[in-house]
$ cat final.cif   # mmCIF, C-alpha atoms
data_structure
loop_
_atom_site.group_PDB
_atom_site.id
_atom_site.type_symbol
_atom_site.label_atom_id
_atom_site.label_comp_id
_atom_site.auth_asym_id
_atom_site.auth_seq_id
_atom_site.Cartn_x
_atom_site.Cartn_y
_atom_site.Cartn_z
ATOM 1 C CA MET A 189 -89.834 2.281 -60.941
ATOM 2 C CA ALA A 190 -91.465 2.595 -57.555
ATOM 3 C CA THR A 191 -92.905 0.101 -55.161
ATOM 4 C CA ARG A 192 -96.646 0.035 -55.754
ATOM 5 C CA LEU A 193 -99.211 -0.013 -52.933
ATOM 6 C CA TYR A 194 -102.745 -1.295 -53.418
ATOM 7 C CA THR A 195 -105.640 -0.788 -51.050
ATOM 8 C CA HIS A 196 -109.351 0.038 -51.335
ATOM 9 C CA PRO A 197 -111.764 1.875 -49.012
ATOM 10 C CA VAL A 198 -114.329 -0.932 -49.260
ATOM 11 C CA CYS A 199 -111.944 -3.117 -47.252
ATOM 12 C CA LEU A 200 -112.775 -0.919 -44.255
ATOM 13 C CA GLU A 201 -116.427 -1.872 -44.697
ATOM 14 C CA HIS A 202 -115.835 -5.586 -44.114
ATOM 15 C CA LEU A 203 -117.255 -5.398 -40.594
ATOM 16 C CA VAL A 204 -116.712 -7.726 -37.667
ATOM 17 C CA PRO A 205 -118.090 -7.800 -34.091
ATOM 18 C CA PRO A 206 -116.498 -5.667 -31.360
ATOM 19 C CA GLY A 207 -113.353 -7.307 -30.047
ATOM 20 C CA HIS A 208 -112.703 -9.307 -33.212
ATOM 21 C CA PRO A 209 -108.955 -9.153 -33.960
ATOM 22 C CA GLU A 210 -109.264 -8.913 -37.773
ATOM 23 C CA ARG A 211 -110.814 -5.454 -37.713
ATOM 24 C CA PRO A 212 -110.830 -2.408 -40.007
ATOM 25 C CA ASP A 213 -108.461 -0.567 -37.658
ATOM 26 C CA ARG A 214 -105.697 -2.800 -38.994
ATOM 27 C CA LEU A 215 -105.811 -0.971 -42.337
ATOM 28 C CA ARG A 216 -106.086 2.387 -40.614
ATOM 29 C CA ALA A 217 -102.908 1.600 -38.650
ATOM 30 C CA ILE A 218 -101.125 0.733 -41.872
ATOM 31 C CA ALA A 219 -102.362 3.889 -43.608
ATOM 32 C CA LYS A 220 -101.131 5.954 -40.678
ATOM 33 C CA VAL A 221 -97.554 4.677 -40.805
ATOM 34 C CA LEU A 222 -97.416 4.827 -44.604
ATOM 35 C CA ALA A 223 -98.528 8.476 -44.478
ATOM 36 C CA HIS A 224 -95.040 9.424 -43.217
ATOM 37 C CA ASP A 225 -93.120 11.429 -45.798
ATOM 38 C CA VAL A 226 -90.481 8.701 -46.104
ATOM 39 C CA PHE A 227 -93.149 6.748 -47.992
ATOM 40 C CA ASP A 228 -94.027 9.574 -50.394
ATOM 41 C CA PRO A 229 -92.380 7.721 -53.330
ATOM 42 C CA LEU A 230 -94.891 4.860 -53.026
ATOM 43 C CA ASP A 231 -97.049 4.510 -56.128
ATOM 44 C CA ARG A 232 -100.472 4.388 -54.466
ATOM 45 C CA VAL A 233 -103.257 2.830 -56.530
ATOM 46 C CA GLU A 234 -106.830 1.935 -55.619
ATOM 47 C CA ALA A 235 -107.334 -1.800 -55.978
ATOM 48 C CA PRO A 236 -109.669 -2.938 -58.757
ATOM 49 C CA LEU A 237 -112.450 -5.358 -57.862
ATOM 50 C CA ALA A 238 -111.798 -8.738 -59.417
ATOM 51 C CA ASP A 239 -114.214 -10.376 -61.779
ATOM 52 C CA GLU A 240 -115.937 -13.234 -59.961
ATOM 53 C CA GLY A 241 -114.476 -15.657 -62.503
ATOM 54 C CA MET A 242 -111.012 -14.968 -61.121
ATOM 55 C CA LEU A 243 -111.978 -16.846 -57.959
ATOM 56 C CA LEU A 244 -112.253 -20.047 -60.008
ATOM 57 C CA LEU A 245 -108.468 -20.164 -60.238
ATOM 58 C CA ALA A 246 -108.388 -21.579 -56.695
ATOM 59 C CA HIS A 247 -111.984 -22.342 -55.684
ATOM 60 C CA PRO A 248 -114.886 -24.315 -57.227
ATOM 61 C CA GLN A 249 -118.034 -22.524 -58.337
ATOM 62 C CA THR A 250 -120.124 -24.299 -55.703
ATOM 63 C CA TYR A 251 -117.966 -22.837 -52.945
ATOM 64 C CA ILE A 252 -117.969 -19.333 -54.467
ATOM 65 C CA HIS A 253 -121.759 -19.447 -54.641
ATOM 66 C CA ARG A 254 -121.949 -20.611 -51.040
ATOM 67 C CA VAL A 255 -119.863 -17.672 -49.822
ATOM 68 C CA ARG A 256 -121.862 -15.181 -51.842
ATOM 69 C CA GLU A 257 -125.128 -16.543 -50.498
ATOM 70 C CA ALA A 258 -123.788 -16.148 -46.944
ATOM 71 C CA ILE A 259 -123.379 -12.370 -47.313
ATOM 72 C CA PRO A 260 -126.214 -10.711 -45.339
ATOM 73 C CA ALA A 261 -128.261 -7.774 -46.534
ATOM 74 C CA GLU A 262 -127.707 -6.197 -43.126
ATOM 75 C CA GLY A 263 -125.930 -7.008 -39.898
ATOM 76 C CA MET A 264 -123.346 -9.784 -39.693
ATOM 77 C CA GLU A 265 -123.298 -13.528 -40.220
ATOM 78 C CA ARG A 266 -120.771 -16.095 -39.050
ATOM 79 C CA ILE A 267 -119.399 -18.543 -41.605
ATOM 80 C CA ASP A 268 -117.533 -20.318 -38.831
ATOM 81 C CA ALA A 269 -116.563 -19.515 -35.254
ATOM 82 C CA ASP A 270 -113.901 -17.019 -36.380
ATOM 83 C CA THR A 271 -115.010 -15.881 -39.837
ATOM 84 C CA VAL A 272 -117.663 -13.169 -40.111
ATOM 85 C CA VAL A 273 -119.250 -11.484 -43.120
ATOM 86 C CA SER A 274 -121.274 -8.284 -43.443
ATOM 87 C CA PRO A 275 -122.982 -6.559 -46.404
ATOM 88 C CA ARG A 276 -119.787 -5.224 -48.026
ATOM 89 C CA SER A 277 -117.632 -8.286 -47.366
ATOM 90 C CA TRP A 278 -118.124 -9.619 -50.893
ATOM 91 C CA ASP A 279 -116.795 -6.430 -52.476
ATOM 92 C CA ALA A 280 -113.942 -6.279 -49.963
ATOM 93 C CA ALA A 281 -112.955 -9.837 -50.880
ATOM 94 C CA LEU A 282 -113.087 -8.981 -54.585
ATOM 95 C CA ALA A 283 -110.871 -5.942 -53.926
ATOM 96 C CA ALA A 284 -108.331 -8.161 -52.162
ATOM 97 C CA VAL A 285 -108.304 -10.604 -55.067
ATOM 98 C CA GLY A 286 -108.295 -7.824 -57.647
ATOM 99 C CA ALA A 287 -105.301 -6.158 -56.040
ATOM 100 C CA SER A 288 -103.448 -9.461 -55.846
ATOM 101 C CA VAL A 289 -103.809 -10.384 -59.508
ATOM 102 C CA THR A 290 -103.219 -6.829 -60.730
ATOM 103 C CA ALA A 291 -100.034 -6.786 -58.658
ATOM 104 C CA VAL A 292 -98.925 -9.864 -60.600
ATOM 105 C CA ASP A 293 -99.614 -8.004 -63.851
ATOM 106 C CA ASP A 294 -97.590 -5.058 -62.572
ATOM 107 C CA VAL A 295 -94.416 -6.990 -61.840
ATOM 108 C CA PHE A 296 -94.565 -9.000 -65.068
ATOM 109 C CA THR A 297 -95.206 -5.977 -67.301
ATOM 110 C CA GLY A 298 -92.733 -3.707 -65.545
ATOM 111 C CA ARG A 299 -95.230 -1.229 -64.129
ATOM 112 C CA ALA A 300 -93.649 -1.835 -60.719
ATOM 113 C CA ASP A 301 -90.571 -3.540 -59.336
ATOM 114 C CA ASN A 302 -92.575 -4.975 -56.446
ATOM 115 C CA VAL A 303 -95.988 -4.502 -54.846
ATOM 116 C CA PHE A 304 -97.494 -4.499 -51.363
ATOM 117 C CA VAL A 305 -101.215 -5.230 -51.111
ATOM 118 C CA ALA A 306 -102.873 -3.811 -47.977
ATOM 119 C CA THR A 307 -106.378 -5.273 -48.123
ATOM 120 C CA ARG A 308 -108.670 -7.420 -46.030
ATOM 121 C CA PRO A 309 -110.066 -10.014 -45.539
ATOM 122 C CA PRO A 310 -106.824 -11.998 -45.571
ATOM 123 C CA GLY A 311 -106.588 -15.278 -47.442
ATOM 124 C CA HIS A 312 -104.098 -17.946 -46.448
ATOM 125 C CA HIS A 313 -106.484 -20.022 -44.298
ATOM 126 C CA ALA A 314 -109.079 -20.301 -47.088
ATOM 127 C CA GLU A 315 -108.940 -23.841 -48.417
ATOM 128 C CA ARG A 316 -110.182 -24.874 -51.816
ATOM 129 C CA ASP A 317 -113.773 -25.210 -50.593
ATOM 130 C CA ARG A 318 -113.753 -23.922 -47.015
ATOM 131 C CA ALA A 319 -113.654 -20.451 -45.445
ATOM 132 C CA MET A 320 -111.948 -20.257 -42.077
ATOM 133 C CA GLY A 321 -109.579 -18.243 -39.926
ATOM 134 C CA PHE A 322 -110.941 -14.819 -41.019
ATOM 135 C CA CYS A 323 -110.385 -15.795 -44.688
ATOM 136 C CA LEU A 324 -112.909 -16.133 -47.532
ATOM 137 C CA PHE A 325 -110.780 -16.573 -50.676
ATOM 138 C CA ASN A 326 -107.105 -17.449 -50.936
ATOM 139 C CA ASN A 327 -105.512 -14.341 -52.400
ATOM 140 C CA ALA A 328 -102.006 -15.796 -52.635
ATOM 141 C CA ALA A 329 -103.211 -18.978 -54.330
ATOM 142 C CA ILE A 330 -105.289 -17.062 -56.856
ATOM 143 C CA ALA A 331 -102.329 -14.764 -57.585
ATOM 144 C CA ALA A 332 -100.006 -17.746 -58.125
ATOM 145 C CA ARG A 333 -102.446 -19.478 -60.456
ATOM 146 C CA TYR A 334 -103.009 -16.208 -62.299
ATOM 147 C CA ALA A 335 -99.262 -15.792 -62.838
ATOM 148 C CA ARG A 336 -99.151 -19.304 -64.298
ATOM 149 C CA LYS A 337 -102.122 -18.653 -66.574
ATOM 150 C CA ALA A 338 -101.722 -15.036 -67.682
ATOM 151 C CA HIS A 339 -97.935 -14.697 -67.700
ATOM 152 C CA VAL A 340 -96.896 -18.275 -68.372
ATOM 153 C CA ALA A 341 -94.844 -18.392 -65.189
ATOM 154 C CA GLU A 342 -93.492 -21.930 -64.967
ATOM 155 C CA ARG A 343 -92.812 -21.820 -61.236
ATOM 156 C CA VAL A 344 -94.141 -19.632 -58.411
ATOM 157 C CA ALA A 345 -92.835 -19.617 -54.838
ATOM 158 C CA ILE A 346 -95.075 -18.545 -51.947
ATOM 159 C CA VAL A 347 -93.313 -17.703 -48.683
ATOM 160 C CA ASP A 348 -95.617 -17.401 -45.683
ATOM 161 C CA TRP A 349 -94.222 -15.939 -42.470
ATOM 162 C CA ASP A 350 -97.573 -15.418 -40.736
ATOM 163 C CA VAL A 351 -97.508 -16.857 -37.212
ATOM 164 C CA HIS A 352 -100.348 -19.219 -38.191
ATOM 165 C CA HIS A 353 -99.780 -21.940 -40.763
ATOM 166 C CA GLY A 354 -101.367 -21.248 -44.155
ATOM 167 C CA ASN A 355 -103.380 -24.436 -44.272
ATOM 168 C CA GLY A 356 -105.465 -23.115 -47.153
ATOM 169 C CA THR A 357 -102.516 -22.427 -49.419
ATOM 170 C CA GLN A 358 -101.054 -25.824 -48.579
ATOM 171 C CA ASP A 359 -104.416 -27.481 -49.296
ATOM 172 C CA ILE A 360 -104.666 -25.882 -52.730
ATOM 173 C CA PHE A 361 -101.101 -26.654 -53.848
ATOM 174 C CA ARG A 362 -100.164 -29.884 -52.071
ATOM 175 C CA ASP A 363 -100.364 -31.846 -55.359
ATOM 176 C CA ASP A 364 -99.077 -29.043 -57.619
ATOM 177 C CA PRO A 365 -95.289 -29.095 -58.062
ATOM 178 C CA SER A 366 -95.381 -25.873 -60.107
ATOM 179 C CA VAL A 367 -95.866 -23.964 -56.833
ATOM 180 C CA LEU A 368 -93.435 -24.084 -53.920
ATOM 181 C CA TYR A 369 -95.078 -23.262 -50.589
ATOM 182 C CA CYS A 370 -92.765 -22.436 -47.667
ATOM 183 C CA SER A 371 -94.023 -21.512 -44.201
ATOM 184 C CA THR A 372 -92.610 -20.546 -40.838
ATOM 185 C CA HIS A 373 -95.236 -20.572 -38.089
ATOM 186 C CA GLN A 374 -95.776 -21.286 -34.426
ATOM 187 C CA MET A 375 -96.665 -24.839 -33.471
ATOM 188 C CA PRO A 376 -98.761 -25.793 -31.607
ATOM 189 C CA LEU A 377 -101.230 -23.118 -32.687
ATOM 190 C CA TYR A 378 -104.304 -22.651 -34.861
ATOM 191 C CA PRO A 379 -105.106 -24.236 -37.306
ATOM 192 C CA GLY A 380 -103.126 -27.292 -36.181
ATOM 193 C CA THR A 381 -101.481 -28.026 -39.535
ATOM 194 C CA GLY A 382 -97.948 -27.356 -40.720
ATOM 195 C CA ALA A 383 -95.816 -30.190 -39.374
ATOM 196 C CA SER A 384 -92.463 -30.576 -41.067
ATOM 197 C CA SER A 385 -93.622 -34.004 -42.285
ATOM 198 C CA GLU A 386 -96.310 -32.352 -44.451
ATOM 199 C CA THR A 387 -94.425 -32.111 -47.754
ATOM 200 C CA GLY A 388 -97.141 -32.448 -50.416
ATOM 201 C CA ALA A 389 -95.672 -33.420 -53.775
ATOM 202 C CA GLY A 390 -92.237 -32.436 -52.493
ATOM 203 C CA ASN A 391 -93.265 -28.798 -52.919
ATOM 204 C CA ILE A 392 -94.267 -27.998 -49.320
ATOM 205 C CA VAL A 393 -91.673 -26.771 -46.805
ATOM 206 C CA ASN A 394 -92.975 -26.306 -43.275
ATOM 207 C CA VAL A 395 -90.701 -25.022 -40.518
ATOM 208 C CA PRO A 396 -92.706 -24.991 -37.278
ATOM 209 C CA LEU A 397 -91.339 -22.882 -34.437
ATOM 210 C CA ALA A 398 -91.965 -23.509 -30.749
ATOM 211 C CA PRO A 399 -93.723 -20.865 -28.638
ATOM 212 C CA GLY A 400 -91.197 -18.332 -27.418
ATOM 213 C CA SER A 401 -89.008 -18.586 -30.525
ATOM 214 C CA GLY A 402 -87.439 -15.329 -31.617
ATOM 215 C CA SER A 403 -85.284 -13.713 -34.252
ATOM 216 C CA ASP A 404 -82.468 -16.252 -34.250
ATOM 217 C CA LEU A 405 -84.679 -19.272 -34.956
ATOM 218 C CA PHE A 406 -86.707 -17.410 -37.596
ATOM 219 C CA ARG A 407 -83.578 -16.323 -39.443
ATOM 220 C CA GLU A 408 -82.096 -19.807 -39.163
ATOM 221 C CA ALA A 409 -85.289 -21.282 -40.633
ATOM 222 C CA LEU A 410 -85.112 -19.012 -43.653
ATOM 223 C CA GLU A 411 -81.391 -19.438 -44.226
ATOM 224 C CA THR A 412 -81.192 -23.214 -43.784
ATOM 225 C CA ALA A 413 -84.599 -24.528 -44.888
ATOM 226 C CA ILE A 414 -86.399 -22.027 -47.106
ATOM 227 C CA LEU A 415 -83.911 -19.935 -49.071
ATOM 228 C CA PRO A 416 -81.990 -23.015 -50.323
ATOM 229 C CA ARG A 417 -85.265 -24.532 -51.557
ATOM 230 C CA ILE A 418 -86.086 -21.323 -53.395
ATOM 231 C CA ASP A 419 -82.667 -21.475 -55.054
ATOM 232 C CA GLU A 420 -83.339 -25.066 -56.104
ATOM 233 C CA PHE A 421 -86.797 -24.169 -57.392
ATOM 234 C CA GLN A 422 -85.754 -21.048 -59.341
ATOM 235 C CA PRO A 423 -89.178 -19.363 -59.315
ATOM 236 C CA ASP A 424 -90.398 -16.861 -61.883
ATOM 237 C CA LEU A 425 -92.270 -14.976 -59.141
ATOM 238 C CA ILE A 426 -92.091 -14.780 -55.350
ATOM 239 C CA ILE A 427 -95.307 -14.112 -53.457
ATOM 240 C CA ILE A 428 -95.092 -13.267 -49.765
ATOM 241 C CA SER A 429 -97.995 -14.105 -47.469
ATOM 242 C CA ALA A 430 -97.010 -11.240 -45.202
ATOM 243 C CA GLY A 431 -98.555 -11.814 -41.812
ATOM 244 C CA PHE A 432 -97.051 -9.755 -39.000
ATOM 245 C CA ASP A 433 -98.578 -11.591 -36.045
ATOM 246 C CA ALA A 434 -95.274 -13.230 -35.143
ATOM 247 C CA HIS A 435 -94.271 -9.799 -33.792
ATOM 248 C CA HIS A 436 -93.576 -9.923 -30.073
ATOM 249 C CA ARG A 437 -96.432 -7.504 -29.342
ATOM 250 C CA ASP A 438 -99.119 -9.604 -31.016
ATOM 251 C CA PRO A 439 -101.844 -10.990 -28.720
ATOM 252 C CA LEU A 440 -102.754 -14.111 -30.726
ATOM 253 C CA ALA A 441 -99.466 -16.005 -30.532
ATOM 254 C CA GLU A 442 -96.184 -16.381 -28.685
ATOM 255 C CA LEU A 443 -93.361 -15.771 -31.135
ATOM 256 C CA ASN A 444 -90.981 -12.912 -30.481
ATOM 257 C CA PHE A 445 -90.031 -11.414 -33.837
ATOM 258 C CA THR A 446 -89.195 -7.739 -34.236
ATOM 259 C CA GLU A 447 -89.907 -5.414 -37.125
ATOM 260 C CA GLN A 448 -86.215 -5.695 -38.044
ATOM 261 C CA ASP A 449 -86.745 -9.415 -38.662
ATOM 262 C CA PHE A 450 -89.381 -8.660 -41.278
ATOM 263 C CA SER A 451 -87.071 -6.148 -42.948
ATOM 264 C CA TRP A 452 -84.271 -8.726 -42.977
ATOM 265 C CA ALA A 453 -86.524 -11.461 -44.379
ATOM 266 C CA THR A 454 -87.804 -9.072 -47.055
ATOM 267 C CA ALA A 455 -84.230 -8.314 -48.094
ATOM 268 C CA LYS A 456 -83.387 -12.017 -48.299
ATOM 269 C CA LEU A 457 -86.388 -12.766 -50.495
ATOM 270 C CA MET A 458 -85.593 -9.787 -52.696
ATOM 271 C CA GLU A 459 -82.104 -11.211 -53.164
ATOM 272 C CA SER A 460 -83.661 -14.509 -54.250
ATOM 273 C CA ALA A 461 -86.001 -12.664 -56.608
ATOM 274 C CA GLY A 462 -83.005 -10.850 -58.057
ATOM 275 C CA ARG A 463 -81.334 -14.171 -58.849
ATOM 276 C CA TRP A 464 -84.319 -16.032 -60.269
ATOM 277 C CA SER A 465 -87.399 -13.850 -60.731
ATOM 278 C CA SER A 466 -86.196 -10.637 -62.386
ATOM 279 C CA ASN A 467 -86.866 -8.963 -59.015
ATOM 280 C CA ARG A 468 -90.592 -9.819 -59.151
ATOM 281 C CA VAL A 469 -92.048 -9.784 -55.610
ATOM 282 C CA VAL A 470 -95.733 -9.457 -54.677
ATOM 283 C CA SER A 471 -96.478 -9.130 -50.963
ATOM 284 C CA LEU A 472 -99.993 -9.702 -49.627
ATOM 285 C CA LEU A 473 -101.145 -8.690 -46.146
ATOM 286 C CA GLU A 474 -102.249 -11.601 -43.978
ATOM 287 C CA GLY A 475 -102.330 -11.356 -40.163
ATOM 288 C CA GLY A 476 -101.057 -8.892 -37.577
ATOM 289 C CA TYR A 477 -103.387 -7.881 -34.764
ATOM 290 C CA ASP A 478 -101.509 -5.546 -32.424
ATOM 291 C CA LEU A 479 -101.903 -2.214 -34.179
ATOM 292 C CA GLU A 480 -98.564 -0.779 -33.073
ATOM 293 C CA GLY A 481 -96.673 -3.961 -33.915
ATOM 294 C CA LEU A 482 -98.477 -4.184 -37.256
ATOM 295 C CA GLY A 483 -97.642 -0.594 -38.147
ATOM 296 C CA LEU A 484 -93.982 -0.938 -37.227
ATOM 297 C CA SER A 485 -93.683 -4.207 -39.134
ATOM 298 C CA VAL A 486 -95.387 -2.954 -42.293
ATOM 299 C CA ALA A 487 -93.231 0.168 -42.252
ATOM 300 C CA ALA A 488 -90.083 -1.973 -42.047
ATOM 301 C CA HIS A 489 -91.310 -4.367 -44.744
ATOM 302 C CA VAL A 490 -92.465 -1.721 -47.234
ATOM 303 C CA GLY A 491 -89.427 0.421 -46.532
ATOM 304 C CA ARG A 492 -87.204 -2.487 -47.524
ATOM 305 C CA LEU A 493 -89.252 -3.200 -50.656
ATOM 306 C CA MET A 494 -88.771 0.438 -51.668
ATOM 307 C CA LYS A 495 -84.985 0.107 -51.537
ATOM 308 C CA GLY A 496 -85.179 -2.211 -54.554
#
$ encode --input "final.cif" --output "structure tokens"
Amino acid sequence: MATRLYTHPVCLEHLVPPGHPERPDRLRAIAKVLAHDVFDPLDRVEAPLADEGMLLLAHPQTYIHRVREAIPAEGMERIDADTVVSPRSWDAALAAVGASVTAVDDVFTGRADNVFVATRPPGHHAERDRAMGFCLFNNAAIAARYARKAHVAERVAIVDWDVHHGNGTQDIFRDDPSVLYCSTHQMPLYPGTGASSETGAGNIVNVPLAPGSGSDLFREALETAILPRIDEFQPDLIIISAGFDAHHRDPLAELNFTEQDFSWATAKLMESAGRWSSNRVVSLLEGGYDLEGLGLSVAAHVGRLMKG
């Protein structure tokens, strides 16, 4: 079985103002690197658009309605200082959710060993009833809840290595011990959450890293704080919130990871999935705003997923 790749052209139509970091060119940069013949074995599938009801797995109907009503007929509207919507943003968000839950189906039914979802808008800042940080709906949270509901997964682990803390994912699962949320992130940095003292119901593991931290501290965080917790938890599925903005080239933060770090971390999580999750790994694109750094990092990450 191959690694499956989901994307959808409507995700390019989620428009943002000039100079906004979360721009369509991010997906074009990813498509460019994945067009190399080394990635020919990828099973490339167009993402389905989720049914609106799928959003209820992580968000209340009142919030879903509020987001839909914010979508303009033309032009752009700001939901907050950072989060912008345009006429096709609703469909782009449904494609991101649809890809995420279908990826869960794929790894539980054996249609794929693992899946990478290259869609936008990203999701990990979206709280239960609040859009923020470029995010409308929490793709990782919806995917985890879907795995619990549709595939009777008892435990799901979400590992978030985006440079920004996934406050939204933490908000949704802080009282839910069936989901383990583990995050490495720069602190201090937006959104200001993610202290190591934030432990939820004992299911939240935050490992903040100081500005300037590099490969050694990232790898130490995974090996000493996160991987042992995954082994304790024994998840039925591992979801990666795969942000690549901790790369040393990225303009929005000050961590100094390399693309080799993302390959190494992918391998470590695949080892954990081999022990506990029948190799089931679903990786969802989050941040990454330097196009060269993003391309290099995605190539390293997907290349390692393809090795099985």
$ resolve_selection --input "final.cif" --expression "the PyMOL selection byres ((chain A and resi 417) around 12)" --output "PDB file with C-alpha atoms, in the frame of the given file"
ATOM      1  CA  ALA A 345     -92.835 -19.617 -54.838  1.00  0.00           C
ATOM      2  CA  ILE A 346     -95.075 -18.545 -51.947  1.00  0.00           C
ATOM      3  CA  VAL A 347     -93.313 -17.703 -48.683  1.00  0.00           C
ATOM      4  CA  VAL A 367     -95.866 -23.964 -56.833  1.00  0.00           C
ATOM      5  CA  LEU A 368     -93.435 -24.084 -53.920  1.00  0.00           C
ATOM      6  CA  TYR A 369     -95.078 -23.262 -50.589  1.00  0.00           C
ATOM      7  CA  CYS A 370     -92.765 -22.436 -47.667  1.00  0.00           C
ATOM      8  CA  SER A 371     -94.023 -21.512 -44.201  1.00  0.00           C
ATOM      9  CA  GLY A 390     -92.237 -32.436 -52.493  1.00  0.00           C
ATOM     10  CA  ASN A 391     -93.265 -28.798 -52.919  1.00  0.00           C
ATOM     11  CA  ILE A 392     -94.267 -27.998 -49.320  1.00  0.00           C
ATOM     12  CA  VAL A 393     -91.673 -26.771 -46.805  1.00  0.00           C
ATOM     13  CA  ASN A 394     -92.975 -26.306 -43.275  1.00  0.00           C
ATOM     14  CA  ALA A 409     -85.289 -21.282 -40.633  1.00  0.00           C
ATOM     15  CA  LEU A 410     -85.112 -19.012 -43.653  1.00  0.00           C
ATOM     16  CA  GLU A 411     -81.391 -19.438 -44.226  1.00  0.00           C
ATOM     17  CA  THR A 412     -81.192 -23.214 -43.784  1.00  0.00           C
ATOM     18  CA  ALA A 413     -84.599 -24.528 -44.888  1.00  0.00           C
ATOM     19  CA  ILE A 414     -86.399 -22.027 -47.106  1.00  0.00           C
ATOM     20  CA  LEU A 415     -83.911 -19.935 -49.071  1.00  0.00           C
ATOM     21  CA  PRO A 416     -81.990 -23.015 -50.323  1.00  0.00           C
ATOM     22  CA  ILE A 418     -86.086 -21.323 -53.395  1.00  0.00           C
ATOM     23  CA  ASP A 419     -82.667 -21.475 -55.054  1.00  0.00           C
ATOM     24  CA  GLU A 420     -83.339 -25.066 -56.104  1.00  0.00           C
ATOM     25  CA  PHE A 421     -86.797 -24.169 -57.392  1.00  0.00           C
ATOM     26  CA  GLN A 422     -85.754 -21.048 -59.341  1.00  0.00           C
ATOM     27  CA  PRO A 423     -89.178 -19.363 -59.315  1.00  0.00           C
ATOM     28  CA  LEU A 457     -86.388 -12.766 -50.495  1.00  0.00           C
ATOM     29  CA  SER A 460     -83.661 -14.509 -54.250  1.00  0.00           C
TER      30      SER A 460
END
$ closest_residue --input "final.cif" --among "A:Thr387, A:Cys199, A:Met264, A:Met242" --to "Lys337 in chain A" --atoms "all atoms listed in the file"
A:Met242
$ closest_residue --input "final.cif" --among "A:Ala223, A:Leu244, A:Val289, A:Met320" --to "Tyr378 in chain A" --atoms "only C-alpha atoms"
A:Met320
$ axis_aligned_box --input "final.cif" --around "range 420-431 of chain A" --padding-each-side "8 Å" --output "lines of an AutoDock Vina configuration file"
center_x = -90.9
center_y = -18.2
center_z = -51.8
size_x = 31.2
size_y = 29.8
size_z = 36.1
$ atom_distance --input "final.cif" --atom1 "CA of Gly475 in chain A" --atom2 "CA of Arg463 in chain A"
28.2 Å
$ resolve_selection --input "final.cif" --expression "the PyMOL selection byres ((chain A and resi 373) around 8)" --output "JSON, numbers by chain"
{"A": [349, 350, 351, 352, 353, 371, 372, 374, 375, 382, 395, 396, 397, 434]}
$ residues_around --input "final.cif" --residues "Ala455 in chain A" --least-positions-apart "2" --cutoff "12 Å" --atoms "all atoms listed in the file" --output "list of chain:residue names"
A:Arg407, A:Leu410, A:Leu415, A:Gln448, A:Asp449, A:Phe450, A:Ser451, A:Trp452, A:Ala453, A:Leu457, A:Met458, A:Glu459, A:Ser460, A:Ala461, A:Gly462, A:Asn467, A:Val469, A:Ala488, A:His489, A:Val490, A:Gly491, A:Arg492, A:Leu493, A:Met494, A:Lys495, A:Gly496
$ write_last_selection --input "final.cif" --atoms "C-alpha atoms" --output "PDB file, in the coordinates of the input"
ATOM      1  CA  ARG A 407     -83.578 -16.323 -39.443  1.00  0.00           C
ATOM      2  CA  LEU A 410     -85.112 -19.012 -43.653  1.00  0.00           C
ATOM      3  CA  LEU A 415     -83.911 -19.935 -49.071  1.00  0.00           C
ATOM      4  CA  GLN A 448     -86.215  -5.695 -38.044  1.00  0.00           C
ATOM      5  CA  ASP A 449     -86.745  -9.415 -38.662  1.00  0.00           C
ATOM      6  CA  PHE A 450     -89.381  -8.660 -41.278  1.00  0.00           C
ATOM      7  CA  SER A 451     -87.071  -6.148 -42.948  1.00  0.00           C
ATOM      8  CA  TRP A 452     -84.271  -8.726 -42.977  1.00  0.00           C
ATOM      9  CA  ALA A 453     -86.524 -11.461 -44.379  1.00  0.00           C
ATOM     10  CA  LEU A 457     -86.388 -12.766 -50.495  1.00  0.00           C
ATOM     11  CA  MET A 458     -85.593  -9.787 -52.696  1.00  0.00           C
ATOM     12  CA  GLU A 459     -82.104 -11.211 -53.164  1.00  0.00           C
ATOM     13  CA  SER A 460     -83.661 -14.509 -54.250  1.00  0.00           C
ATOM     14  CA  ALA A 461     -86.001 -12.664 -56.608  1.00  0.00           C
ATOM     15  CA  GLY A 462     -83.005 -10.850 -58.057  1.00  0.00           C
ATOM     16  CA  ASN A 467     -86.866  -8.963 -59.015  1.00  0.00           C
ATOM     17  CA  VAL A 469     -92.048  -9.784 -55.610  1.00  0.00           C
ATOM     18  CA  ALA A 488     -90.083  -1.973 -42.047  1.00  0.00           C
ATOM     19  CA  HIS A 489     -91.310  -4.367 -44.744  1.00  0.00           C
ATOM     20  CA  VAL A 490     -92.465  -1.721 -47.234  1.00  0.00           C
ATOM     21  CA  GLY A 491     -89.427   0.421 -46.532  1.00  0.00           C
ATOM     22  CA  ARG A 492     -87.204  -2.487 -47.524  1.00  0.00           C
ATOM     23  CA  LEU A 493     -89.252  -3.200 -50.656  1.00  0.00           C
ATOM     24  CA  MET A 494     -88.771   0.438 -51.668  1.00  0.00           C
ATOM     25  CA  LYS A 495     -84.985   0.107 -51.537  1.00  0.00           C
ATOM     26  CA  GLY A 496     -85.179  -2.211 -54.554  1.00  0.00           C
TER      27      GLY A 496
END
$ residues_around --input "final.cif" --residues "Arg211 in chain A" --least-positions-apart "5" --cutoff "10 Å" --atoms "all atoms listed in the file" --output "PyMOL selection string"
chain A and resi 199-206+216+308-309+322+477
$ resolve_selection --input "final.cif" --expression "the PyMOL selection byres ((chain A and resi 284) around 9)" --output "list in words"
Tyr194, Thr195, His196, Cys199, Ala235, Pro236, Leu237, Ala238, Asp279, Ala280, Ala281, Leu282, Ala283, Val285, Gly286, Ala287, Ser288, Val289, Val305, Ala306, Thr307, Arg308, Pro309, Pro310, Gly311, Phe325, Asn327 and Leu472 of chain A
$ residues_around --input "final.cif" --residues "Ile360 in chain A" --least-positions-apart "3" --cutoff "10 Å" --atoms "only C-alpha atoms" --output "JSON, numbers by chain"
{"A": [246, 247, 314, 315, 316, 317, 326, 329, 330, 355, 356, 357, 363, 364, 367]}
